[in-house]
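Listing of final_6.cif, mmCIF, C-alpha atoms
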data_structure
#
loop_
_atom_site.label_atom_id
_atom_site.label_comp_id
_atom_site.auth_asym_id
_atom_site.auth_seq_id
_atom_site.Cartn_x
_atom_site.Cartn_y
_atom_site.Cartn_z
CA MET W 552 28.84 -5.98 -20.40
CA SER W 553 26.65 -7.87 -17.93
CA ILE W 554 27.51 -5.29 -15.26
CA LEU W 555 26.36 -2.47 -17.55
CA ILE W 556 23.14 -4.34 -18.32
CA ARG W 557 22.45 -4.89 -14.62
CA LEU W 558 23.18 -1.23 -13.90
CA ARG W 559 20.84 -0.15 -16.69
CA ASN W 560 18.10 -2.42 -15.44
CA TRP W 561 18.60 -1.22 -11.88
CA LEU W 562 18.46 2.45 -12.86
CA PHE W 563 15.79 2.39 -15.53
CA GLU W 564 13.59 -0.67 -15.00
CA GLY W 565 13.03 -0.61 -11.26
CA GLY W 566 14.45 -4.02 -10.44
CA GLY W 567 12.51 -6.15 -12.91
CA PHE W 568 9.33 -4.08 -13.05
CA GLU W 569 8.00 -5.84 -16.16
CA ALA W 570 8.35 -9.23 -14.47
CA LEU W 571 5.97 -8.22 -11.69
CA PRO W 572 2.35 -9.41 -11.61
CA ASP W 573 -0.12 -7.14 -13.40
CA ARG W 574 -1.86 -6.10 -10.17
CA VAL W 575 1.47 -4.96 -8.68
CA ARG W 576 2.42 -3.00 -11.80
CA GLU W 577 -1.01 -1.41 -11.82
CA THR W 578 -0.56 -0.30 -8.20
CA ILE W 579 2.81 1.27 -9.03
CA ARG W 580 1.34 2.98 -12.11
CA ARG W 581 -1.39 4.52 -9.97
CA GLN W 582 1.28 5.81 -7.60
CA GLN W 583 3.16 7.32 -10.54
CA GLU W 584 -0.01 8.97 -11.84
CA ARG W 585 -0.54 10.59 -8.45
CA SER W 586 3.11 11.67 -8.51
CA GLU W 587 2.59 13.38 -11.87
CA ILE W 588 -0.30 15.34 -10.40
CA LEU W 589 1.94 16.41 -7.53
CA ILE W 590 4.70 17.38 -9.98
CA GLY W 591 2.20 19.43 -12.01
CA TRP W 592 1.09 21.40 -8.98
CA ALA W 593 4.70 21.91 -7.91
CA GLN W 594 5.53 23.29 -11.36
CA LEU W 595 2.64 25.75 -11.20
CA ALA W 596 3.58 26.80 -7.68
CA LEU W 597 7.21 27.32 -8.65
CA ILE W 598 6.39 29.33 -11.74
CA ALA W 599 3.97 31.45 -9.73
CA LEU W 600 6.68 32.07 -7.15
CA LEU W 601 9.22 33.05 -9.79
CA ALA W 602 6.77 35.25 -11.66
CA THR W 603 5.79 37.02 -8.45
CA ALA W 604 9.43 37.55 -7.56
CA TYR W 605 10.21 38.97 -11.01
CA GLU W 606 7.16 41.22 -11.06
CA THR W 607 7.30 42.57 -7.50
CA THR W 608 11.04 42.86 -6.94
CA SER W 609 12.62 46.07 -8.15
CA MET W 610 15.29 45.59 -10.80
CA PRO W 611 18.91 45.95 -9.69
CA VAL W 612 20.58 49.24 -10.36
CA GLY W 613 22.01 49.32 -13.86
CA VAL W 614 21.17 49.95 -17.46
CA VAL W 615 17.87 48.16 -18.02
CA GLN W 616 16.35 47.78 -21.47
CA GLU W 617 12.65 47.20 -20.84
CA ASP W 618 12.03 46.41 -24.52
CA TYR W 619 14.15 43.28 -24.17
CA SER W 620 12.47 42.05 -21.00
CA PHE W 621 10.33 39.06 -22.00
CA GLU W 622 10.13 37.20 -18.69
CA SER W 623 6.38 37.77 -18.44
CA GLU W 624 5.75 36.12 -21.79
CA VAL W 625 7.94 33.15 -20.87
CA PHE W 626 6.12 32.74 -17.55
CA ALA W 627 2.71 32.96 -19.22
CA LEU W 628 3.53 30.36 -21.87
CA TYR W 629 5.01 28.02 -19.31
CA ALA W 630 1.98 28.42 -17.02
CA VAL W 631 -0.32 27.42 -19.88
CA PHE W 632 1.83 24.39 -20.65
CA ALA W 633 1.98 23.36 -16.98
CA ALA W 634 -1.80 23.75 -16.63
CA VAL W 635 -2.45 21.56 -19.69
CA ARG W 636 0.01 18.98 -18.38
CA LEU W 637 -1.69 18.98 -14.97
CA GLY W 638 -5.10 18.55 -16.61
CA LEU W 639 -3.84 15.54 -18.57
CA ALA W 640 -2.37 14.10 -15.37
CA TYR W 641 -5.76 14.33 -13.66
CA LEU W 642 -7.37 12.65 -16.67
CA ARG W 643 -4.74 9.88 -16.54
CA ARG W 644 -3.90 10.68 -20.16
CA LEU W 645 -0.35 11.88 -19.77
CA PRO W 646 1.72 10.08 -22.44
CA GLU W 647 5.31 9.21 -21.68
CA TRP W 648 6.68 11.32 -24.53
CA LEU W 649 5.06 14.38 -22.96
CA LEU W 650 6.99 13.73 -19.75
CA TYR W 651 10.22 14.13 -21.69
CA VAL W 652 8.85 17.20 -23.47
CA SER W 653 7.97 18.62 -20.06
CA VAL W 654 11.59 18.22 -18.97
CA VAL W 655 12.79 20.06 -22.08
CA VAL W 656 10.28 22.85 -21.44
CA ASP W 657 11.37 23.15 -17.80
CA VAL W 658 15.02 23.42 -18.73
CA GLY W 659 14.24 25.71 -21.66
CA LEU W 660 12.32 28.05 -19.34
CA PHE W 661 15.29 28.63 -17.09
CA MET W 662 17.81 28.84 -19.86
CA ALA W 663 15.60 31.43 -21.59
CA LEU W 664 15.36 33.46 -18.38
CA ILE W 665 19.11 33.33 -17.91
CA TYR W 666 19.71 34.14 -21.57
CA SER W 667 17.54 37.25 -21.28
CA PHE W 668 19.81 38.85 -18.69
CA HIS W 669 22.39 40.22 -21.11
CA TYR W 670 19.66 41.80 -23.25
CA THR W 671 17.80 43.25 -20.30
CA PHE W 672 20.92 44.85 -18.82
CA ALA W 673 22.65 45.59 -22.15
CA GLN W 674 25.71 43.49 -21.24
CA PRO W 675 27.87 40.96 -23.11
CA ALA W 676 26.53 37.42 -23.16
CA VAL W 677 29.08 36.30 -20.56
CA PHE W 678 27.13 38.50 -18.13
CA TYR W 679 24.30 35.98 -17.82
CA LEU W 680 26.67 33.21 -16.73
CA LYS W 681 26.68 34.75 -13.26
CA ALA W 682 22.87 34.89 -13.01
CA PRO W 683 21.67 33.29 -9.74
CA THR W 684 18.62 31.85 -11.53
CA LEU W 685 20.67 28.73 -12.33
CA ILE W 686 20.18 27.39 -8.80
CA PHE W 687 16.47 26.84 -9.53
CA ILE W 688 17.33 24.17 -12.08
CA PHE W 689 18.13 21.85 -9.15
CA LEU W 690 14.49 22.13 -8.05
CA PHE W 691 13.28 20.82 -11.38
CA ILE W 692 15.78 17.98 -11.26
CA ALA W 693 14.54 17.12 -7.77
CA LEU W 694 10.90 17.32 -8.92
CA ARG W 695 11.45 14.31 -11.17
CA ALA W 696 12.37 12.29 -8.11
CA LEU W 697 8.70 12.33 -7.09
CA ARG W 698 7.95 9.83 -9.86
CA PHE W 699 10.48 7.31 -8.50
CA GLU W 700 12.05 6.73 -11.89
CA ALA W 701 15.76 7.47 -12.25
CA ARG W 702 15.56 7.90 -16.02
CA PHE W 703 13.60 11.14 -15.72
CA VAL W 704 16.01 12.49 -13.12
CA ILE W 705 18.94 11.63 -15.39
CA PHE W 706 17.26 13.10 -18.45
CA THR W 707 16.53 16.34 -16.60
CA GLY W 708 20.08 16.61 -15.28
CA VAL W 709 21.63 15.92 -18.67
CA ALA W 710 19.29 18.41 -20.33
CA ALA W 711 20.21 21.04 -17.73
CA ALA W 712 23.93 20.42 -18.22
CA ALA W 713 23.52 20.57 -22.01
CA GLY W 714 21.53 23.79 -21.72
CA TRP W 715 24.20 25.44 -19.61
CA ILE W 716 26.96 24.27 -21.94
CA ALA W 717 24.98 25.78 -24.84
CA LEU W 718 24.82 29.12 -23.01
CA VAL W 719 28.56 29.01 -22.35
CA LEU W 720 29.28 28.27 -26.01
CA TYR W 721 26.96 31.08 -27.06
CA ALA W 722 28.85 33.47 -24.78
CA LEU W 723 32.15 32.28 -26.23
CA GLY W 724 30.85 33.24 -29.66
CA GLY W 725 31.15 36.86 -28.66
CA ARG W 726 27.45 37.74 -28.74
CA GLY W 727 26.96 41.19 -27.27
CA GLY W 728 30.70 41.71 -27.01
CA PRO W 729 33.85 39.61 -27.09
CA PRO W 730 34.28 37.30 -24.11
CA ASN W 731 37.05 38.12 -21.72
CA VAL W 732 38.44 34.67 -20.89
CA THR W 733 40.56 34.71 -17.76
CA ASP W 734 42.21 32.43 -15.24
CA ASP W 735 42.10 35.10 -12.53
CA PHE W 736 39.31 34.35 -10.09
CA VAL W 737 39.28 37.90 -8.68
CA GLU W 738 38.96 39.37 -12.15
CA TYR W 739 36.20 36.87 -12.89
CA MET W 740 34.26 37.91 -9.82
CA ASN W 741 34.62 41.65 -10.43
CA SER W 742 34.01 41.86 -14.18
CA ASN W 743 32.33 40.24 -17.16
CA ALA W 744 35.23 37.86 -17.54
CA LEU W 745 34.67 34.18 -18.26
CA LEU W 746 36.39 31.58 -16.12
CA PHE W 747 36.28 28.08 -17.62
CA HIS W 748 36.85 26.40 -14.27
CA ALA W 749 33.76 28.09 -12.83
CA GLU W 750 31.52 26.95 -15.69
CA ILE W 751 32.93 23.43 -15.58
CA SER W 752 32.23 23.37 -11.85
CA LYS W 753 28.60 24.34 -12.48
CA VAL W 754 28.16 21.59 -15.05
CA LEU W 755 29.84 19.08 -12.74
CA ALA W 756 27.58 20.19 -9.86
CA ILE W 757 24.51 19.56 -12.03
CA LEU W 758 25.74 16.17 -13.21
CA LEU W 759 26.95 14.99 -9.79
CA THR W 760 23.71 16.06 -8.13
CA THR W 761 21.80 14.23 -10.85
CA THR W 762 23.91 11.10 -10.38
CA VAL W 763 23.49 11.00 -6.61
CA LEU W 764 19.77 11.68 -6.88
CA ALA W 765 19.33 9.06 -9.62
CA ILE W 766 21.08 6.42 -7.53
CA ALA W 767 18.96 7.34 -4.52
CA ILE W 768 15.78 7.19 -6.61
CA ALA W 769 16.79 3.86 -8.16
CA ARG W 770 17.28 2.42 -4.68
CA ALA W 771 14.02 3.94 -3.48
CA ARG W 772 12.20 2.58 -6.52
CA ASN W 773 13.54 -0.89 -5.93
CA LEU W 774 12.30 -0.65 -2.37
CA LEU W 775 8.97 0.69 -3.63
CA VAL W 776 8.58 -2.19 -6.09
CA ARG W 777 9.48 -4.70 -3.40
CA SER W 778 7.19 -3.03 -0.88
CA VAL W 779 4.24 -2.93 -3.27
CA ALA W 780 4.85 -6.53 -4.32
CA GLU W 781 5.09 -7.70 -0.73
CA GLY W 782 2.09 -5.57 0.23
CA ALA W 783 0.02 -7.13 -2.54
CA ALA W 784 1.20 -10.58 -1.49
CA ALA W 785 0.37 -9.79 2.14
CA ARG W 786 -3.13 -8.66 1.17
CA ASP W 787 -3.63 -11.82 -0.84
CA LEU W 788 -2.26 -14.01 1.93
CA SER W 789 -4.38 -12.23 4.55
CA ARG W 790 -7.41 -13.62 2.77
CA PHE W 791 -6.14 -17.08 3.76
CA PHE W 792 -5.56 -16.04 7.37
CA ASP W 793 -7.76 -14.62 10.05
CA PRO W 794 -7.21 -10.82 10.19
CA GLY W 795 -6.02 -11.05 13.80
CA VAL W 796 -3.49 -13.74 12.92
CA ALA W 797 -2.33 -11.78 9.86
CA SER W 798 -1.84 -8.70 12.05
CA ARG W 799 0.09 -10.75 14.59
CA ILE W 800 2.40 -12.08 11.86
CA ARG W 801 3.01 -8.59 10.42
CA SER W 802 3.73 -7.03 13.82
CA ALA W 803 5.94 -9.83 15.14
CA ALA W 804 9.23 -8.40 16.42
CA MET W 805 11.09 -11.56 15.40
CA SER W 806 10.59 -14.31 12.86
CA ILE W 807 7.86 -16.68 14.05
CA LYS W 808 9.04 -20.25 14.62
CA ALA W 809 7.20 -23.53 14.93
CA GLY W 810 6.62 -24.63 18.51
CA GLU W 811 6.14 -21.12 19.93
CA GLY W 812 2.89 -20.75 21.85
CA GLU W 813 1.07 -19.02 24.68
CA MET W 814 -1.54 -20.19 27.15
CA ARG W 815 -4.94 -18.57 26.70
CA ASP W 816 -8.34 -18.77 28.38
CA VAL W 817 -10.60 -18.99 25.37
CA ALA W 818 -13.97 -20.02 24.05
CA ILE W 819 -14.25 -22.32 21.04
CA LEU W 820 -17.10 -22.29 18.53
CA THR W 821 -17.50 -25.10 16.03
CA VAL W 822 -20.03 -24.91 13.21
CA ASP W 823 -20.97 -27.73 10.87
CA LEU W 824 -23.19 -27.71 7.78
CA ARG W 825 -25.65 -30.59 8.02
CA GLY W 826 -26.46 -32.54 4.88
CA PHE W 827 -23.59 -31.05 2.93
CA THR W 828 -21.77 -34.35 2.41
CA ARG W 829 -24.82 -35.87 0.74
CA LEU W 830 -25.44 -32.70 -1.25
CA SER W 831 -21.85 -32.64 -2.52
CA THR W 832 -22.41 -36.02 -4.20
CA GLU W 833 -25.59 -34.84 -5.92
CA LEU W 834 -24.55 -31.44 -7.27
CA PRO W 835 -21.92 -30.45 -9.86
CA PRO W 836 -18.61 -29.31 -8.29
CA GLY W 837 -19.26 -25.68 -9.20
CA ASP W 838 -22.64 -25.68 -7.45
CA VAL W 839 -21.12 -27.41 -4.41
CA MET W 840 -18.55 -24.63 -4.07
CA LYS W 841 -21.22 -21.96 -4.47
CA VAL W 842 -23.24 -23.46 -1.63
CA LEU W 843 -20.14 -23.61 0.54
CA GLN W 844 -19.24 -20.03 -0.32
CA ASP W 845 -22.79 -18.86 0.45
CA TYR W 846 -22.71 -20.62 3.81
CA GLN W 847 -19.28 -19.36 4.83
CA GLY W 848 -20.03 -15.88 3.50
CA ARG W 849 -22.96 -15.65 5.91
CA VAL W 850 -21.40 -17.26 8.97
CA CYS W 851 -17.80 -16.02 9.02
CA PRO W 852 -18.55 -12.25 9.12
CA LEU W 853 -20.81 -12.83 12.13
CA ILE W 854 -18.04 -14.63 13.99
CA ALA W 855 -15.58 -11.85 13.20
CA ARG W 856 -18.12 -9.17 14.17
CA HIS W 857 -18.37 -10.68 17.65
CA GLY W 858 -14.61 -10.83 18.17
CA GLY W 859 -13.96 -14.34 16.95
CA SER W 860 -11.06 -15.56 14.83
CA ILE W 861 -11.49 -18.24 12.20
CA ASP W 862 -8.93 -20.86 13.12
CA LYS W 863 -9.55 -23.15 10.16
CA PHE W 864 -12.08 -24.49 7.70
CA LEU W 865 -12.62 -28.22 7.96
CA GLY W 866 -14.48 -28.87 4.72
CA ASP W 867 -17.95 -27.62 5.60
CA GLY W 868 -16.92 -27.20 9.23
CA ILE W 869 -15.69 -23.98 10.82
CA LEU W 870 -13.50 -23.80 13.91
CA ALA W 871 -13.39 -20.36 15.54
CA SER W 872 -11.72 -19.15 18.71
CA PHE W 873 -12.48 -16.21 20.98
CA GLY W 874 -9.70 -14.73 23.11
CA ALA W 875 -6.90 -16.71 21.46
CA VAL W 876 -5.28 -14.26 19.02
CA ALA W 877 -5.67 -11.48 21.59
CA PRO W 878 -6.56 -12.12 25.25
CA SER W 879 -10.18 -11.31 26.11
CA THR W 880 -12.15 -11.10 29.34
CA THR W 881 -15.43 -11.71 27.49
CA ALA W 882 -14.47 -14.67 25.31
CA ALA W 883 -17.31 -16.97 26.41
CA ALA W 884 -19.91 -14.21 26.17
CA ASP W 885 -18.69 -13.23 22.70
CA ALA W 886 -18.79 -16.84 21.55
CA LEU W 887 -22.40 -17.29 22.65
CA ARG W 888 -23.44 -14.00 21.06
CA ALA W 889 -21.83 -15.19 17.84
CA ALA W 890 -23.63 -18.53 18.16
CA ASP W 891 -26.98 -16.76 18.54
CA ALA W 892 -26.26 -14.64 15.45
CA VAL W 893 -25.22 -17.68 13.43
CA LEU W 894 -28.38 -19.54 14.39
CA GLU W 895 -30.51 -16.58 13.37
CA VAL W 896 -28.88 -16.20 9.95
CA ALA W 897 -29.03 -19.97 9.44
CA ASP W 898 -32.81 -19.87 9.92
CA ARG W 899 -33.13 -17.10 7.34
CA TRP W 900 -30.90 -19.00 4.91
CA ALA W 901 -32.97 -22.15 5.32
CA ALA W 902 -36.15 -20.16 4.61
CA GLU W 903 -34.59 -18.64 1.49
CA ARG W 904 -33.58 -22.06 0.17
CA ASN W 905 -36.99 -23.46 0.92
CA SER W 906 -38.76 -20.66 -0.96
CA ALA W 907 -36.41 -21.21 -3.90
CA ASP W 908 -37.16 -24.97 -3.93
CA LEU W 909 -33.56 -25.82 -3.12
CA ALA W 910 -32.35 -28.72 -1.00
CA PRO W 911 -32.75 -27.83 2.69
CA LEU W 912 -29.61 -27.30 4.72
CA SER W 913 -29.19 -26.69 8.42
CA ILE W 914 -26.27 -26.13 10.73
CA GLY W 915 -25.07 -27.64 13.96
CA LEU W 916 -22.82 -25.83 16.40
CA ALA W 917 -21.34 -26.04 19.86
CA VAL W 918 -19.50 -23.73 22.23
CA ALA W 919 -16.95 -24.76 24.85
CA SER W 920 -14.42 -22.87 26.96
CA GLY W 921 -11.17 -23.59 28.71
CA ARG W 922 -7.44 -23.10 28.63
CA VAL W 923 -5.61 -23.82 25.39
CA VAL W 924 -2.24 -23.23 23.78
CA PHE W 925 -2.28 -20.74 20.95
CA GLY W 926 0.74 -20.71 18.68
CA ALA W 927 2.48 -21.80 15.51
CA VAL W 928 2.75 -25.41 14.45
CA GLY W 929 4.44 -26.88 11.41
CA ASP W 930 7.76 -28.09 10.08
CA GLY W 931 9.50 -24.71 9.92
CA GLU W 932 8.80 -24.20 6.23
CA ARG W 933 5.02 -24.39 6.46
CA LEU W 934 3.49 -22.85 9.59
CA GLU W 935 -0.04 -22.53 10.85
CA PHE W 936 -1.42 -20.63 13.83
CA THR W 937 -3.90 -22.74 15.73
CA VAL W 938 -5.39 -23.51 19.13
CA ILE W 939 -4.56 -26.78 20.86
CA GLY W 940 -6.16 -28.13 24.01
CA ASP W 941 -9.04 -29.93 25.66
CA ALA W 942 -11.47 -27.08 24.93
CA VAL W 943 -10.99 -27.58 21.18
CA ASN W 944 -11.61 -31.31 21.38
CA PHE W 945 -14.51 -30.85 23.77
CA ALA W 946 -16.23 -28.37 21.43
CA ALA W 947 -15.97 -30.84 18.55
CA LYS W 948 -17.46 -33.64 20.67
CA LEU W 949 -20.28 -31.38 21.87
CA GLU W 950 -21.13 -30.49 18.27
CA LYS W 951 -21.42 -34.19 17.38
CA HIS W 952 -23.51 -34.71 20.51
CA ASN W 953 -26.24 -32.54 18.95
CA LYS W 954 -27.44 -35.65 17.07
CA ASP W 955 -27.91 -37.55 20.32
CA GLU W 956 -29.81 -34.68 21.89
CA LYS W 957 -31.83 -34.00 18.71
CA THR W 958 -30.65 -30.37 18.88
CA ARG W 959 -28.85 -27.92 16.56
CA ALA W 960 -26.70 -26.06 19.07
CA VAL W 961 -25.44 -26.79 22.57
CA THR W 962 -22.87 -25.68 25.11
CA ASN W 963 -21.85 -27.00 28.47
CA ALA W 964 -23.25 -25.46 31.63
CA ALA W 965 -19.87 -24.18 32.86
CA THR W 966 -19.34 -22.18 29.65
CA TYR W 967 -22.89 -20.83 29.81
CA VAL W 968 -22.48 -19.65 33.42
CA LEU W 969 -19.11 -18.08 32.56
CA ALA W 970 -20.66 -16.24 29.62
CA GLU W 971 -23.43 -14.83 31.84
CA GLN W 972 -20.80 -13.65 34.32
CA GLN W 973 -19.05 -11.90 31.40
CA GLY W 974 -22.19 -10.01 30.44
CA TYR W 975 -23.99 -12.38 28.10
CA ILE W 976 -27.77 -11.93 28.17
CA PRO W 977 -29.61 -14.89 26.63
CA PRO W 978 -32.45 -14.05 24.23
CA ARG W 979 -34.69 -16.53 26.06
CA THR W 980 -34.58 -19.15 28.81
CA ARG W 981 -32.51 -22.12 27.71
CA GLU W 982 -33.19 -25.75 28.57
CA ARG W 983 -30.61 -27.48 30.75
CA ARG W 984 -30.02 -31.21 30.48
CA LEU W 985 -27.97 -32.60 33.31
CA GLY W 986 -25.54 -35.50 33.40
CA ARG W 987 -25.47 -36.26 29.68
CA ALA W 988 -23.09 -38.86 28.32
CA VAL W 989 -21.02 -37.25 25.59
CA ALA W 990 -19.05 -39.63 23.38
CA GLY W 991 -15.33 -39.40 24.11
CA VAL W 992 -15.81 -37.53 27.41
CA ALA W 993 -15.22 -39.52 30.59
CA GLU W 994 -17.43 -37.52 32.95
CA PRO W 995 -21.14 -36.73 32.51
CA VAL W 996 -21.74 -33.26 31.04
CA ASP W 997 -24.43 -30.75 31.96
CA VAL W 998 -25.65 -29.46 28.60
CA VAL W 999 -27.42 -26.20 27.80
CA VAL W 1000 -29.53 -26.31 24.64
CA LEU W 1001 -29.09 -23.17 22.51
CA ALA W 1002 -31.37 -24.31 19.70
#

For the structure just supplied, provide its representation as structure tokens.
Amino acid sequence: MSILIRLRNWLFEGGGFEALPDRVRETIRRQQERSEILIGWAQLALIALLATAYETTSMPVGVVQEDYSFESEVFALYAVFAAVRLGLAYLRRLPEWLLYVSVVVDVGLFMALIYSFHYTFAQPAVFYLKAPTLIFIFLFIALRALRFEARFVIFTGVAAAAGWIALVLYALGGRGGPPNVTDDFVEYMNSNALLFHAEISKVLAILLTTTVLAIAIARARNLLVRSVAEGAAARDLSRFFDPGVASRIRSAAMSIKAGEGEMRDVAILTVDLRGFTRLSTELPPGDVMKVLQDYQGRVCPLIARHGGSIDKFLGDGILASFGAVAPSTTAAADALRAADAVLEVADRWAAERNSADLAPLSIGLAVASGRVVFGAVGDGERLEFTVIGDAVNFAAKLEKHNKDEKTRAVTNAATYVLAEQQGYIPPRTRERRLGRAVAGVAEPVDVVVLA
């Protein structure tokens, strides 16, 4: 019994569809709604093709009773139904019961067309069993595959098989003349004889095609559900990673392991929010987070816009790298351009807070450059991409050195010269302070004051 339950769930429920998060189910529903629009247009196109073929193709030679030809009426009614169905699909108001009704209408259309043959040509009912129109029923079975739900494929196939069986039984009833049941294939092909094996083969062809297609759709739907779920998870996780790092993870040819790294010539930008620690003890937690969000929401896009990657958030501190995720020949120049932009937006933010009678906040930042290792660190289960090296530590020490220099932003002279060589044009002449003693750095440092 458990096997049957698992098979049912696999075929009809898309691999635990109801257990998925609401946002994932909503994404899949939107895909299905678009599929229904596509199915609606395909139905209209197919009926237009059939109607054109019936109206423009001359009837085969034979006794034709025009009074019993009602294909045009069938096509017209079906076209109206398909148009209404398409309109509801566009309005996202297509109820599930109407999807099943649509299947019945599709199958009924073709069975009605086939049924009309023996009237049109004044032949016994067994005559219509050789009508080539039956092959089009496979198109309508395949159409249901666009929705990626096996149940509709199965329902269409079963309805088609039932419809054909009904036509066979009707022919066996002797309508329009007694059926000539035979086991002779040659006689069957050259007369209005009925061959049971042929009709059984047609029903089996419908059912086997339906089965294969349903299994394929069930597998495809499971992959779709998994893909949408993983895609949603990837989008959510990408909000916790720098976009460049997220792209690197997605495009990795092999599973990323801890300890893998590459040497990079980079620039490091560190930004710190001054006075935030004191403010966090004075404000309610919600207000503290709003201030932090406001600050990061202004600074981070500027860093990204100038080619930087946010390595990590250190409370109210931001560590960004340039040229680490992807090698760059303008890393230092990009970092200083980003620093200038951050300083400008920080001044505007301070003015806004001042005009709103809010506690003043300012930022401190520093830029350094050098060779670092960029790669994954962690214990194998929990990984983090980061930059490791003297340039990272040096940038942090330079940022703290702002207090000694009574400045907001500094860089070392070597980084500044490198940035100018890479195309950086300073907005104004910057002050240089030579031979400064930076805490934690053995050698004196030539400092360039950015602000």

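Taking all atoms listed in the file, the non-local environment of Phe689 of chain W within 9 Å (same-chain residues fewer than 5 positions away omitted) comprises Leu694, Gly708, Ala711, Ile757, Thr760 and Thr761 of chain W.
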
Which residues come within 10 Å of Gly986 of chain W, counting all atoms listed in the file, excluding same-chain residues fewer than 5 positions away, as a PDB file with C-alpha atoms, in the coordinates of the input?
ATOM      1  CA  GLU W 994     -17.430 -37.520  32.950  1.00  0.00           C
ATOM      2  CA  PRO W 995     -21.140 -36.730  32.510  1.00  0.00           C
ATOM      3  CA  VAL W 996     -21.740 -33.260  31.040  1.00  0.00           C
ATOM      4  CA  ASP W 997     -24.430 -30.750  31.960  1.00  0.00           C
ATOM      5  CA  VAL W 998     -25.650 -29.460  28.600  1.00  0.00           C
TER       6      VAL W 998
END

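Each of W:Arg959, W:Gly974, W:Ala902, W:Asp908 was compared to Ala886 of chain W using all atoms listed in the file, and W:Gly974 turns out to be the nearest.
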
Residue IDs satisfying the PyMOL selection byres ((chain W and resi 626-633) around 10), as number ranges by chain: W: 590-599, 601-602, 605, 621-625, 634-639, 653, 656-657, 659-660, 664

Residue IDs satisfying the PyMOL selection byres ((chain W and resi 654) around 9), as a ChimeraX atom specification: /W:649-653,655-659,691-692,695,703,706-707,710

Hits from the PyMOL selection byres ((chain W and resi 702) around 10), listed as a ChimeraX atom specification: /W:559,562-564,651,695-696,698-701,703-708,765,768-769

Interatomic distance (Å, one decimal) between atom CA of Ala890 of chain W and atom CA of Gly868 of chain W: 14.1 Å

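Using only C-alpha atoms, the nearest neighbour of Phe925 of chain W within the list W:Asp734, W:Glu587, W:Asp816, W:Glu982 is W:Asp816.
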
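When atom CA of Ser831 of chain W is paired with atom CA of Leu870 of chain W, their separation reads 20.4 Å.
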
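The nearest approach to Ile716 of chain W among the residues W:Ile686, W:Ile751, W:Val918, W:Ala970, with only C-alpha atoms taken into account, belongs to W:Ile751.
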
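One finds atom CA of Val719 of chain W at 17.8 Å from atom CA of Phe687 of chain W.
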
Residue contacts of Val999 of chain W (8 Å, only C-alpha atoms) excluding same-chain residues fewer than 5 positions away, as a PDB file with C-alpha atoms, in the coordinates of the input:
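Result file is result.pdb:
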ATOM      1  CA  VAL W 961     -25.440 -26.790  22.570  1.00  0.00           C
ATOM      2  CA  THR W 962     -22.870 -25.680  25.110  1.00  0.00           C
ATOM      3  CA  ASN W 963     -21.850 -27.000  28.470  1.00  0.00           C
ATOM      4  CA  ALA W 964     -23.250 -25.460  31.630  1.00  0.00           C
ATOM      5  CA  TYR W 967     -22.890 -20.830  29.810  1.00  0.00           C
ATOM      6  CA  ARG W 981     -32.510 -22.120  27.710  1.00  0.00           C
ATOM      7  CA  GLU W 982     -33.190 -25.750  28.570  1.00  0.00           C
ATOM      8  CA  ARG W 983     -30.610 -27.480  30.750  1.00  0.00           C
ATOM      9  CA  ARG W 984     -30.020 -31.210  30.480  1.00  0.00           C
TER      10      ARG W 984
END

Which polymer residues have any atom within 7 Å of an atom of Asp862 of chain W, counting all atoms listed in the file, with same-chain residues fewer than 6 positions away left out, as a compact mmCIF listing (two decimals) with C-alpha atoms, keeping the file's coordinate frame?
# COMPACT_ATOMS: atom_id res chain seq x y z
CA LEU W 870 -13.50 -23.80 13.91
CA ALA W 871 -13.39 -20.36 15.54
CA SER W 872 -11.72 -19.15 18.71
CA THR W 937 -3.90 -22.74 15.73

9 Å contact set for Ala892 of chain W, all atoms listed in the file, chain neighbours under 6 positions out, as a ChimeraX atom specification: /W:850,853-854

I'd like the box whose edges run along x, y and z of the file and which contains every listed atom of segment 875-880 of chain W, padded by 8 Å per side; could you state its centre and edge lengths in Å, one decimal, as lines of an AutoDock Vina configuration file?
center_x = -8.7
center_y = -13.9
center_z = 24.2
size_x = 22.9
size_y = 21.6
size_z = 26.3
